[in-house]
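Undergrad: I'd like to ask you about the structure that follows.
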Amino acid sequence: MTFVGLIMRNIGSRPLRAALTASAVAIGVMAVVALGVLTTSLKESATQILDVGNADFTIAQKNSSDIINGTISQDDIDAIGRIPGVRKAVGALISTDPYDENNPLVIEVGLNPADQAPFGLNILEGKAYTADSDDQVMLGYALAKQIDKTVGDSITIGGHDYTVTGLYRTNVSFGNSTMMFPLAYLQGLNRLSGQVTLGFVQVEDGASIARVRAEIDSQYAQLTTIETAEDFGRADRNLTLISAANTGGSLLAGLIAITGVLNTSLLSFFERIREFGIYRSIGWSRFRVIALVIGEAVVVSVVGAAVGVLLGWGAINVLENLRQLKGVFKPLYDAGIFWRSLGFGLTVAFLGALYPALRAALVAPITAVRRE
Amino acid sequence: MSRRPLDSSVPAIAVHDVSKRYGRTIALDHVDLEVAAGEFVVLTGPSGAGKSTLLNLLAALEKPDTGTIFVRGHRLGRRSRHLNRLRRVEVGLVFQLHNLIPRLTARENVEAAMFETHRGRRQRTARADELLERLDLAERATDRPPTMSGGERQRAAIARAVANQPAVLLADEPSGSLDDHSAQLVFDLFDEMRDGGATILAVSHDSRLEQRGSRVISIADLSTSAA
Ligand SMILES: Nc1ncnc2c1ncn2[C@@H]1O[C@H](COP(=O)(O)OP(=O)(O)OP(=O)(O)O)[C@@H](O)[C@H]1O
Ligand SMILES: [Mg+2]
């Protein structure tokens, strides 16, 4: 028998208790995985906007809860385009509308045809709409496929009929699930004449991005420039809230799991006081007794963590198919989630079993013969 | 079979003026005892006279209130690392009530005593099986103590106590619940340990065991305050 064998034997002889402890850890890990995947996925799809058109940075309204809800004057974007060092500044209006049962939230982009190329748009089929049309639309190829429309088809959105003039691909994946209208038309539809939602700036080769950003930040107090995901977090408070909810939820899950492990380890400590006395009386060191108790908790918790990862994966599938999140939430699994779950399981085991383990190590050898 | 004392002139056990009380009960009252290396001493005395208490002190399970105890020339002090080693390999203790771990099989109980020794996993299993076989317990190797008879448990406890070839074996009524055949197996094992230089101190009222001892003493005679 190895020491690990002994640990397994001890766990196996109290299967119900082990199962209950493992399920406490599993529930904790499930919460951590589900919250983690949800957060990274939302973050990732939100920050994809930073990559639009290979822009060096994005411009948004300062202090809006959600940068998609901000507004910027088209004139400001044009002026920014003339700042030395800026090659191109493109303004786009973003709004959303329901399309059908399966696409309850379609992102609409208002963009001038002339700005499409700098925006990173690639026309796959058909051609661009004309700048002043009011009944033309272009579809991202992924959306077109999803709703089974192609060039020349007619399509109804919000009670208006449009003709599909072209299909496009963008350099960011979520862009392929959008639809695009002439900027002026979409502004009129949303009663946002002369306004855009975001600006996308490319600087000239050799120009300093930092210098251009600083220039914009100082000249336009109502605007903010976003280059990194971190900048994004500062500009978009929703994302900050989601991250905070994730951290808080994970901590809570950890606490629940630790309490579960502590509870069962402590119960089993009281049951096994004499056993620990016997181990000490036959020459086990305190360290080995600690290793036994923590080892048992670690094995149970790692099994619980594995089950929790599966449960978390199931929970994500449920979330993904929730009507409210359809199309918004595309789960993104990274290997980090699994390592974090393992780390969570180990930490929970260690913290939950530490106190019972220390108590066990302090059991005096004479306890082996003490009468109950 | 046992490791030899470095110097046979050093007593295996030397107890000087040891007292131990539990509340108002005086379990040991100024006890003196010396056992030479290689001796086989049988300790007798009435129930409640403190025989088990003395063995517990010698096995460093607890500390005397007063007095000093030397095992193989080393004073039992507070250094826990030394005490662990003493409990593990220097001294083997057969508990009066066996004190096996109920959830482990007979074999595992014996193996558990051999962690932190030079033996690897296979060697631990081989050693446990060898001892269980010798004590006629081969068929009980995978049974747990609650399903074993008193005599079987007693032999399993003996196997555990001698697993690491202790230089000093302390045995509390090791043949109390054994029939003649099983008792003979145990006595043969003890003889072999003595041939290897081990010292044995056994508490017993069993005349079969007393006959084998090199010396039979009564615990009442050890108390200096009574004299
Ligand atoms: N932990 C304890 N708490 C209180 N009293 C104790 C404790 N351990 C032993 N005693 C008492 O100390 C005395 C000696 O006990 P001990 O077990 O050493 O006797 P013994 O000689 O081994 O008896 P027996 O032959 O019945 O086994 C007894 O009166 C016993 O009740
Ligand atoms: Mg006794």
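Simple scheme: letters A, B, ... for chains in structure tokens order, numbers from 1 for residues in each chain, numbers from 1 for ligands in the order shown.
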Could you list, with a cut-off of 12 Å and counting only C-alpha atoms, the residues of chain A near chain B, each shown with its nearest atom pair and the distance in Å rounded to one decimal, rows sorted by chain and ascending number, as a tab-separated table?
TA:
```
residue	atom	partner	partner_atom	distance
A:Met1	CA	B:Arg121	CA	6.0
A:Thr2	CA	B:Arg121	CA	5.8
A:Phe3	CA	B:Phe115	CA	7.7
A:Val4	CA	B:Arg121	CA	11.0
A:Gly5	CA	B:Glu108	CA	9.9
A:Leu6	CA	B:Glu108	CA	8.1
A:Ile7	CA	B:Leu104	CA	11.0
A:Met8	CA	B:Leu104	CA	11.3
A:Arg9	CA	B:Leu104	CA	7.7
A:Asn10	CA	B:Arg103	CA	7.4
A:Ile11	CA	B:Arg103	CA	10.4
A:Gly12	CA	B:Arg103	CA	9.9
A:Ser13	CA	B:Arg103	CA	6.9
A:Arg14	CA	B:Arg103	CA	9.6
A:Glu271	CA	B:Pro102	CA	12.0
A:Arg272	CA	B:Ile101	CA	9.6
A:Ile273	CA	B:Ile101	CA	11.3
A:Arg274	CA	B:Ile101	CA	8.8
A:Glu275	CA	B:Ile101	CA	6.2
A:Phe276	CA	B:Ile101	CA	9.4
A:Gly277	CA	B:Leu61	CA	9.2
A:Ile278	CA	B:Asn99	CA	7.1
A:Tyr279	CA	B:Ala113	CA	7.8
A:Arg280	CA	B:Asn84	CA	7.7
A:Ser281	CA	B:Leu61	CA	6.2
A:Ile282	CA	B:Arg88	CA	5.3
A:Gly283	CA	B:Arg88	CA	3.9
A:Trp284	CA	B:Asn84	CA	6.4
A:Ser285	CA	B:Asn84	CA	6.0
A:Arg286	CA	B:Asn84	CA	8.9
A:Phe287	CA	B:Arg81	CA	10.8
A:Arg288	CA	B:Glu116	CA	9.0
A:Val289	CA	B:Phe115	CA	11.4
A:Leu292	CA	B:Ala112	CA	11.8
A:Leu362	CA	B:Ser80	CA	11.7
A:Val363	CA	B:Leu61	CA	11.0
A:Ala364	CA	B:Leu61	CA	7.5
A:Pro365	CA	B:Leu61	CA	5.0
A:Ile366	CA	B:Leu61	CA	4.7
A:Thr367	CA	B:Leu61	CA	8.4
A:Ala368	CA	B:Asn99	CA	6.9
A:Val369	CA	B:Asn99	CA	7.2
A:Arg370	CA	B:Asn99	CA	10.3
A:Arg371	CA	B:Leu97	CA	10.3
```
Undergrad: Once you count only C-alpha atoms and all ligand atoms, which residues end up within 10 Å of ligand 2, and could you hand them over as a PDB file with N, CA, C and O atoms, in the first residue's frame?
TA:
```
ATOM      1  N   GLY B  45       1.305  -8.258  37.946  1.00  0.00           N
ATOM      2  CA  GLY B  45       0.760  -7.358  38.956  1.00  0.00           C
ATOM      3  C   GLY B  45      -0.731  -7.272  38.802  1.00  0.00           C
ATOM      4  O   GLY B  45      -1.274  -7.567  37.724  1.00  0.00           O
ATOM      5  N   PRO B  46      -1.398  -6.878  39.884  1.00  0.00           N
ATOM      6  CA  PRO B  46      -2.858  -6.841  39.847  1.00  0.00           C
ATOM      7  C   PRO B  46      -3.395  -5.779  38.888  1.00  0.00           C
ATOM      8  O   PRO B  46      -2.669  -4.866  38.492  1.00  0.00           O
ATOM      9  N   SER B  47      -4.631  -5.944  38.573  1.00  0.00           N
ATOM     10  CA  SER B  47      -5.295  -4.991  37.690  1.00  0.00           C
ATOM     11  C   SER B  47      -5.268  -3.600  38.327  1.00  0.00           C
ATOM     12  O   SER B  47      -5.489  -3.446  39.524  1.00  0.00           O
ATOM     13  N   GLY B  48      -4.968  -2.615  37.498  1.00  0.00           N
ATOM     14  CA  GLY B  48      -4.955  -1.242  37.991  1.00  0.00           C
ATOM     15  C   GLY B  48      -3.649  -0.867  38.665  1.00  0.00           C
ATOM     16  O   GLY B  48      -3.517   0.244  39.202  1.00  0.00           O
ATOM     17  N   ALA B  49      -2.643  -1.759  38.613  1.00  0.00           N
ATOM     18  CA  ALA B  49      -1.373  -1.490  39.292  1.00  0.00           C
ATOM     19  C   ALA B  49      -0.467  -0.561  38.490  1.00  0.00           C
ATOM     20  O   ALA B  49       0.566  -0.123  39.000  1.00  0.00           O
ATOM     21  N   GLY B  50      -0.823  -0.290  37.251  1.00  0.00           N
ATOM     22  CA  GLY B  50      -0.032   0.652  36.470  1.00  0.00           C
ATOM     23  C   GLY B  50       0.860   0.019  35.418  1.00  0.00           C
ATOM     24  O   GLY B  50       1.739   0.683  34.854  1.00  0.00           O
ATOM     25  N   LYS B  51       0.612  -1.247  35.094  1.00  0.00           N
ATOM     26  CA  LYS B  51       1.460  -1.939  34.114  1.00  0.00           C
ATOM     27  C   LYS B  51       1.346  -1.295  32.725  1.00  0.00           C
ATOM     28  O   LYS B  51       2.353  -0.986  32.075  1.00  0.00           O
ATOM     29  N   SER B  52       0.115  -1.085  32.302  1.00  0.00           N
ATOM     30  CA  SER B  52      -0.072  -0.468  30.971  1.00  0.00           C
ATOM     31  C   SER B  52       0.474   0.953  30.965  1.00  0.00           C
ATOM     32  O   SER B  52       1.069   1.408  29.974  1.00  0.00           O
ATOM     33  N   THR B  53       0.275   1.638  32.059  1.00  0.00           N
ATOM     34  CA  THR B  53       0.778   3.009  32.161  1.00  0.00           C
ATOM     35  C   THR B  53       2.296   3.032  31.953  1.00  0.00           C
ATOM     36  O   THR B  53       2.829   3.876  31.217  1.00  0.00           O
ATOM     37  N   LEU B  54       2.981   2.078  32.572  1.00  0.00           N
ATOM     38  CA  LEU B  54       4.437   2.030  32.435  1.00  0.00           C
ATOM     39  C   LEU B  54       4.843   1.782  30.972  1.00  0.00           C
ATOM     40  O   LEU B  54       5.743   2.446  30.445  1.00  0.00           O
ATOM     41  N   LEU B  55       4.149   0.857  30.318  1.00  0.00           N
ATOM     42  CA  LEU B  55       4.475   0.591  28.914  1.00  0.00           C
ATOM     43  C   LEU B  55       4.231   1.838  28.056  1.00  0.00           C
ATOM     44  O   LEU B  55       5.027   2.162  27.172  1.00  0.00           O
ATOM     45  N   ASN B  56       3.131   2.540  28.324  1.00  0.00           N
ATOM     46  CA  ASN B  56       2.838   3.755  27.552  1.00  0.00           C
ATOM     47  C   ASN B  56       3.945   4.791  27.708  1.00  0.00           C
ATOM     48  O   ASN B  56       4.318   5.468  26.748  1.00  0.00           O
ATOM     49  N   PHE B  95      -0.528  -3.124  21.971  1.00  0.00           N
ATOM     50  CA  PHE B  95      -1.493  -2.556  22.911  1.00  0.00           C
ATOM     51  C   PHE B  95      -2.341  -3.641  23.555  1.00  0.00           C
ATOM     52  O   PHE B  95      -2.668  -4.649  22.925  1.00  0.00           O
ATOM     53  N   GLN B  96      -2.706  -3.379  24.817  1.00  0.00           N
ATOM     54  CA  GLN B  96      -3.564  -4.338  25.519  1.00  0.00           C
ATOM     55  C   GLN B  96      -4.875  -4.553  24.772  1.00  0.00           C
ATOM     56  O   GLN B  96      -5.376  -5.659  24.679  1.00  0.00           O
ATOM     57  N   LEU B  97      -5.417  -3.460  24.217  1.00  0.00           N
ATOM     58  CA  LEU B  97      -6.690  -3.571  23.490  1.00  0.00           C
ATOM     59  C   LEU B  97      -6.463  -3.508  21.983  1.00  0.00           C
ATOM     60  O   LEU B  97      -7.314  -3.068  21.226  1.00  0.00           O
ATOM     61  N   ASP B 172       1.710  -5.774  25.826  1.00  0.00           N
ATOM     62  CA  ASP B 172       0.748  -5.736  26.929  1.00  0.00           C
ATOM     63  C   ASP B 172      -0.202  -6.921  26.790  1.00  0.00           C
ATOM     64  O   ASP B 172      -1.107  -6.895  25.973  1.00  0.00           O
ATOM     65  N   GLU B 173       0.033  -7.959  27.581  1.00  0.00           N
ATOM     66  CA  GLU B 173      -0.766  -9.187  27.532  1.00  0.00           C
ATOM     67  C   GLU B 173      -0.873  -9.721  26.107  1.00  0.00           C
ATOM     68  O   GLU B 173      -1.977  -9.861  25.573  1.00  0.00           O
ATOM     69  N   VAL B 203       3.905  -7.578  29.632  1.00  0.00           N
ATOM     70  CA  VAL B 203       2.983  -7.658  30.764  1.00  0.00           C
ATOM     71  C   VAL B 203       2.182  -8.925  30.565  1.00  0.00           C
ATOM     72  O   VAL B 203       1.650  -9.145  29.472  1.00  0.00           O
ATOM     73  N   SER B 204       2.136  -9.784  31.582  1.00  0.00           N
ATOM     74  CA  SER B 204       1.405 -11.031  31.375  1.00  0.00           C
ATOM     75  C   SER B 204       1.066 -11.728  32.675  1.00  0.00           C
ATOM     76  O   SER B 204       1.769 -11.615  33.671  1.00  0.00           O
TER      77      SER B 204
END
```
Undergrad: Using CA of Leu267 in chain A and CA of Leu255 in chain A as the two end points, give the distance in Å to one decimal.
TA: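 Atom-to-atom, CA of Leu267 in chain A to CA of Leu255 in chain A, that is 18.1 Å.
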Undergrad: Can you list, as a VMD selection string, every residue of range 11-221 of chain B that DSSP puts in helix (DSSP H, G or I)?
TA: chain B and resid 51 to 58 80 to 90 106 to 112 121 to 134 138 to 140 145 to 147 150 to 162 180 to 195 207 to 212 219 to 221
Undergrad: Figure out the distance between CA of Lys43 in chain A and CA of Ala244 in chain A, please, to one decimal in Å.
TA: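 Interatomic distance, CA of Ala244 in chain A to CA of Lys43 in chain A: 12.4 Å.
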Undergrad: Give me the residues within 12 Å of Gly176 in chain B as a list in words, counting only C-alpha atoms and dropping any in the same chain fewer than 2 places off.
TA: Val94, Phe95, Gln96, Leu97, His98, Gly150, Gly151, Glu152, Arg153, Gln154, Arg155, Ala171, Asp172, Glu173, Pro174, Leu178, Asp179, Asp180, Ser182, Ala183, Val186, Ala202, Val203, Ser204, His205, Asp206, Ser207, Arg208 and Leu209 of chain B
Undergrad: Please save N, CA and C atoms of the selected residues as a short mmCIF file (atom, residue, chain, number, x, y, z; two decimals), in the first residue's frame.
TA:
```cif
data_model
loop_
_atom_site.label_atom_id
_atom_site.label_comp_id
_atom_site.auth_asym_id
_atom_site.auth_seq_id
_atom_site.Cartn_x
_atom_site.Cartn_y
_atom_site.Cartn_z
N VAL B 94 2.74 -3.57 21.62
CA VAL B 94 1.50 -4.33 21.40
C VAL B 94 0.51 -3.83 22.43
N PHE B 95 -0.53 -3.12 21.97
CA PHE B 95 -1.49 -2.56 22.91
C PHE B 95 -2.34 -3.64 23.56
N GLN B 96 -2.71 -3.38 24.82
CA GLN B 96 -3.56 -4.34 25.52
C GLN B 96 -4.88 -4.55 24.77
N LEU B 97 -5.42 -3.46 24.22
CA LEU B 97 -6.69 -3.57 23.49
C LEU B 97 -6.46 -3.51 21.98
N HIS B 98 -5.27 -3.87 21.57
CA HIS B 98 -4.88 -4.01 20.15
C HIS B 98 -4.80 -2.69 19.40
N GLY B 150 -10.97 -12.00 18.54
CA GLY B 150 -10.05 -11.36 19.47
C GLY B 150 -8.63 -11.85 19.28
N GLY B 151 -8.46 -13.14 19.11
CA GLY B 151 -7.12 -13.70 18.96
C GLY B 151 -6.47 -13.27 17.66
N GLU B 152 -7.30 -13.15 16.61
CA GLU B 152 -6.77 -12.69 15.32
C GLU B 152 -6.32 -11.24 15.41
N ARG B 153 -7.12 -10.45 16.09
CA ARG B 153 -6.75 -9.04 16.26
C ARG B 153 -5.46 -8.92 17.05
N GLN B 154 -5.35 -9.77 18.07
CA GLN B 154 -4.16 -9.71 18.91
C GLN B 154 -2.91 -10.02 18.08
N ARG B 155 -3.02 -11.02 17.22
CA ARG B 155 -1.85 -11.38 16.40
C ARG B 155 -1.56 -10.29 15.36
N ALA B 171 5.05 -5.48 25.16
CA ALA B 171 3.84 -6.21 24.79
C ALA B 171 2.93 -6.30 26.00
N ASP B 172 1.71 -5.77 25.83
CA ASP B 172 0.75 -5.74 26.93
C ASP B 172 -0.20 -6.92 26.79
N GLU B 173 0.03 -7.96 27.58
CA GLU B 173 -0.77 -9.19 27.53
C GLU B 173 -0.87 -9.72 26.11
N PRO B 174 0.25 -10.05 25.50
CA PRO B 174 0.22 -10.41 24.07
C PRO B 174 -0.38 -11.78 23.81
N LEU B 178 -4.99 -16.03 23.15
CA LEU B 178 -4.49 -16.97 22.14
C LEU B 178 -4.55 -18.41 22.63
N ASP B 179 -4.96 -19.30 21.73
CA ASP B 179 -4.91 -20.73 22.05
C ASP B 179 -3.45 -21.19 22.00
N ASP B 180 -3.21 -22.43 22.39
CA ASP B 180 -1.83 -22.91 22.49
C ASP B 180 -1.08 -22.82 21.16
N SER B 182 -1.61 -20.78 18.48
CA SER B 182 -1.29 -19.40 18.10
C SER B 182 -0.25 -18.83 19.05
N ALA B 183 -0.40 -19.15 20.34
CA ALA B 183 0.55 -18.63 21.32
C ALA B 183 1.95 -19.11 20.96
N VAL B 186 3.50 -17.02 18.31
CA VAL B 186 3.94 -15.73 18.84
C VAL B 186 5.25 -15.90 19.62
N ALA B 202 7.25 -7.79 28.60
CA ALA B 202 5.86 -8.19 28.36
C ALA B 202 5.09 -8.18 29.67
N VAL B 203 3.90 -7.58 29.63
CA VAL B 203 2.98 -7.66 30.76
C VAL B 203 2.18 -8.92 30.56
N SER B 204 2.14 -9.78 31.58
CA SER B 204 1.40 -11.03 31.37
C SER B 204 1.07 -11.73 32.67
N HIS B 205 -0.03 -12.44 32.62
CA HIS B 205 -0.37 -13.37 33.69
C HIS B 205 -0.42 -14.76 33.10
N ASP B 206 0.09 -14.89 31.90
CA ASP B 206 0.02 -16.16 31.18
C ASP B 206 1.25 -16.99 31.55
N SER B 207 0.99 -18.13 32.19
CA SER B 207 2.12 -18.93 32.68
C SER B 207 2.98 -19.43 31.52
N ARG B 208 2.35 -19.62 30.36
CA ARG B 208 3.12 -20.08 29.19
C ARG B 208 4.20 -19.05 28.85
N LEU B 209 3.82 -17.76 29.00
CA LEU B 209 4.77 -16.71 28.65
C LEU B 209 5.79 -16.53 29.77
#
```
Undergrad: Determine the nearest neighbour of Ala144 in chain A from the options A:Lys127, A:Arg340, A:Arg169, A:His160, counting only C-alpha atoms.
TA: A:Arg169
Undergrad: Give me, as an MDAnalysis selection string, all polymer residues having an atom no more than 9 Å from range 32-44 of chain B, counting only C-alpha atoms and skipping those fewer than 6 positions away in the same chain.
TA: chainID B and resid 4:5 7:18 51 72 167:168 194:205 209:210 212:220 222:224
Undergrad: At what distance in Å, to one decimal, does CA of Asn321 in chain A lie from CA of Ser154 in chain A?
TA: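 Going from CA of Ser154 in chain A over to CA of Asn321 in chain A covers 28.6 Å.
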Undergrad: Would you kindly return, as a list in words, each protein, DNA or RNA residue with an atom no farther than 7 Å from any atom of Lys20 in chain B, considering only C-alpha atoms and excluding same-chain residues fewer than 6 positions away?
TA: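 Close residues of Lys20 in chain B: Ile26, Ala27, Leu28, Asp29, Pro64 and Asp65 of chain B.
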Undergrad: With distances taken over only C-alpha atoms, which residue among B:Leu170, B:Asp136, B:Ala106, B:Leu76 lies nearest Leu185 in chain B?
TA: B:Asp136
Undergrad: So, with only C-alpha atoms as the atoms that count, which of A:Val106, A:Gly249, A:Val348, A:Leu332 lies closest to Ile316 in chain A?
TA: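 Ranked by minimum distance to Ile316 in chain A, first place goes to A:Leu332.
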Undergrad: Among range 67-187 of chain A, which ones does DSSP place in strand (DSSP E or B), written as a ChimeraX atom specification?
TA: /A:72-73,86-97,100,103,106-110,122-126,136-140,154-157,160-169,179-181
Undergrad: Just write the chosen residues, N, CA and C atoms, as a compact mmCIF listing (two decimals), in the first residue's frame.
TA:
```
# COMPACT_ATOMS: atom_id res chain seq x y z
N ILE A 72 -21.34 60.68 -30.71
CA ILE A 72 -20.24 61.58 -31.04
C ILE A 72 -20.70 62.37 -32.26
N SER A 73 -20.34 63.65 -32.29
CA SER A 73 -20.70 64.45 -33.46
C SER A 73 -19.85 64.04 -34.66
N VAL A 86 -2.90 61.75 -38.41
CA VAL A 86 -4.04 60.85 -38.61
C VAL A 86 -4.20 60.60 -40.10
N ARG A 87 -4.22 59.31 -40.48
CA ARG A 87 -4.41 59.00 -41.88
C ARG A 87 -5.89 59.03 -42.23
N LYS A 88 -6.69 58.43 -41.30
CA LYS A 88 -8.11 58.30 -41.62
C LYS A 88 -8.90 58.17 -40.33
N ALA A 89 -9.99 58.90 -40.25
CA ALA A 89 -10.92 58.73 -39.12
C ALA A 89 -12.30 58.46 -39.70
N VAL A 90 -12.89 57.34 -39.30
CA VAL A 90 -14.17 56.92 -39.85
C VAL A 90 -15.19 56.90 -38.71
N GLY A 91 -16.35 57.47 -38.95
CA GLY A 91 -17.41 57.42 -37.93
C GLY A 91 -18.47 56.41 -38.34
N ALA A 92 -18.97 55.65 -37.38
CA ALA A 92 -20.03 54.68 -37.66
C ALA A 92 -21.10 54.79 -36.60
N LEU A 93 -22.36 54.66 -37.04
CA LEU A 93 -23.47 54.65 -36.11
C LEU A 93 -23.87 53.19 -35.88
N ILE A 94 -24.14 52.88 -34.62
CA ILE A 94 -24.50 51.49 -34.33
C ILE A 94 -25.85 51.47 -33.62
N SER A 95 -26.76 50.63 -34.12
CA SER A 95 -28.04 50.47 -33.44
C SER A 95 -28.42 49.00 -33.52
N THR A 96 -29.49 48.64 -32.89
CA THR A 96 -29.93 47.24 -32.95
C THR A 96 -31.41 47.18 -33.22
N ASP A 97 -31.83 46.09 -33.79
CA ASP A 97 -33.24 45.85 -34.08
C ASP A 97 -33.49 44.36 -34.04
N ASP A 100 -35.91 38.35 -36.38
CA ASP A 100 -36.91 37.29 -36.24
C ASP A 100 -36.64 36.52 -34.95
N ASN A 103 -33.13 35.62 -34.42
CA ASN A 103 -32.21 36.75 -34.39
C ASN A 103 -32.88 37.94 -33.72
N VAL A 106 -30.23 42.12 -33.86
CA VAL A 106 -29.26 42.24 -34.95
C VAL A 106 -28.59 43.60 -34.86
N ILE A 107 -27.27 43.61 -34.97
CA ILE A 107 -26.53 44.87 -34.92
C ILE A 107 -26.57 45.52 -36.29
N GLU A 108 -26.95 46.81 -36.30
CA GLU A 108 -27.00 47.56 -37.56
C GLU A 108 -25.90 48.61 -37.52
N VAL A 109 -25.18 48.71 -38.63
CA VAL A 109 -24.08 49.67 -38.71
C VAL A 109 -24.42 50.68 -39.79
N GLY A 110 -24.33 51.95 -39.43
CA GLY A 110 -24.50 52.98 -40.44
C GLY A 110 -23.13 53.48 -40.88
N ASN A 122 -15.01 44.02 -46.87
CA ASN A 122 -14.64 43.33 -48.07
C ASN A 122 -15.93 42.86 -48.72
N ILE A 123 -16.27 43.41 -49.89
CA ILE A 123 -17.55 43.02 -50.51
C ILE A 123 -17.36 41.68 -51.23
N LEU A 124 -18.15 40.69 -50.81
CA LEU A 124 -18.00 39.34 -51.36
C LEU A 124 -18.86 39.15 -52.60
N GLU A 125 -20.06 39.78 -52.55
CA GLU A 125 -21.02 39.59 -53.64
C GLU A 125 -21.79 40.88 -53.82
N GLY A 126 -22.20 41.19 -55.02
CA GLY A 126 -22.99 42.39 -55.24
C GLY A 126 -22.14 43.64 -55.11
N GLN A 136 -31.96 50.44 -49.27
CA GLN A 136 -30.92 49.47 -49.59
C GLN A 136 -30.18 49.06 -48.33
N VAL A 137 -29.76 47.80 -48.32
CA VAL A 137 -29.05 47.27 -47.16
C VAL A 137 -28.00 46.28 -47.65
N MET A 138 -26.93 46.14 -46.84
CA MET A 138 -25.93 45.09 -47.11
C MET A 138 -25.92 44.16 -45.89
N LEU A 139 -25.60 42.92 -46.16
CA LEU A 139 -25.61 41.94 -45.07
C LEU A 139 -24.23 41.31 -44.88
N GLY A 140 -23.85 41.13 -43.64
CA GLY A 140 -22.67 40.32 -43.35
C GLY A 140 -22.95 38.91 -43.82
N SER A 154 -35.38 40.72 -51.08
CA SER A 154 -36.01 41.78 -50.31
C SER A 154 -36.09 41.34 -48.85
N ILE A 155 -35.99 42.30 -47.95
CA ILE A 155 -35.94 41.96 -46.53
C ILE A 155 -36.65 43.04 -45.73
N THR A 156 -37.41 42.63 -44.71
CA THR A 156 -38.22 43.58 -43.93
C THR A 156 -37.66 43.71 -42.51
N ILE A 157 -37.34 44.96 -42.15
CA ILE A 157 -36.84 45.20 -40.79
C ILE A 157 -37.59 46.38 -40.21
N HIS A 160 -39.99 48.29 -42.43
CA HIS A 160 -39.52 48.85 -43.71
C HIS A 160 -38.99 47.73 -44.58
N ASP A 161 -39.19 47.89 -45.91
CA ASP A 161 -38.64 46.91 -46.86
C ASP A 161 -37.35 47.43 -47.46
N TYR A 162 -36.37 46.55 -47.60
CA TYR A 162 -35.09 46.93 -48.19
C TYR A 162 -34.70 45.88 -49.21
N THR A 163 -33.84 46.30 -50.15
CA THR A 163 -33.27 45.35 -51.11
C THR A 163 -31.82 45.11 -50.71
N VAL A 164 -31.43 43.85 -50.72
CA VAL A 164 -30.04 43.50 -50.39
C VAL A 164 -29.17 43.79 -51.61
N THR A 165 -28.19 44.74 -51.45
CA THR A 165 -27.34 45.08 -52.60
C THR A 165 -26.03 44.31 -52.60
N GLY A 166 -25.62 43.85 -51.42
CA GLY A 166 -24.33 43.16 -51.39
C GLY A 166 -24.12 42.40 -50.09
N LEU A 167 -23.18 41.45 -50.12
CA LEU A 167 -22.77 40.70 -48.93
C LEU A 167 -21.32 41.03 -48.63
N TYR A 168 -20.98 41.14 -47.34
CA TYR A 168 -19.61 41.52 -47.00
C TYR A 168 -19.02 40.65 -45.91
N ARG A 169 -17.73 40.78 -45.83
CA ARG A 169 -16.97 40.14 -44.76
C ARG A 169 -16.15 41.23 -44.08
N MET A 179 -25.75 43.92 -40.13
CA MET A 179 -26.24 44.45 -41.41
C MET A 179 -25.84 45.92 -41.49
N MET A 180 -25.74 46.44 -42.71
CA MET A 180 -25.17 47.77 -42.86
C MET A 180 -26.07 48.65 -43.73
N PHE A 181 -26.24 49.91 -43.27
CA PHE A 181 -27.08 50.87 -43.99
C PHE A 181 -26.25 52.11 -44.30
```
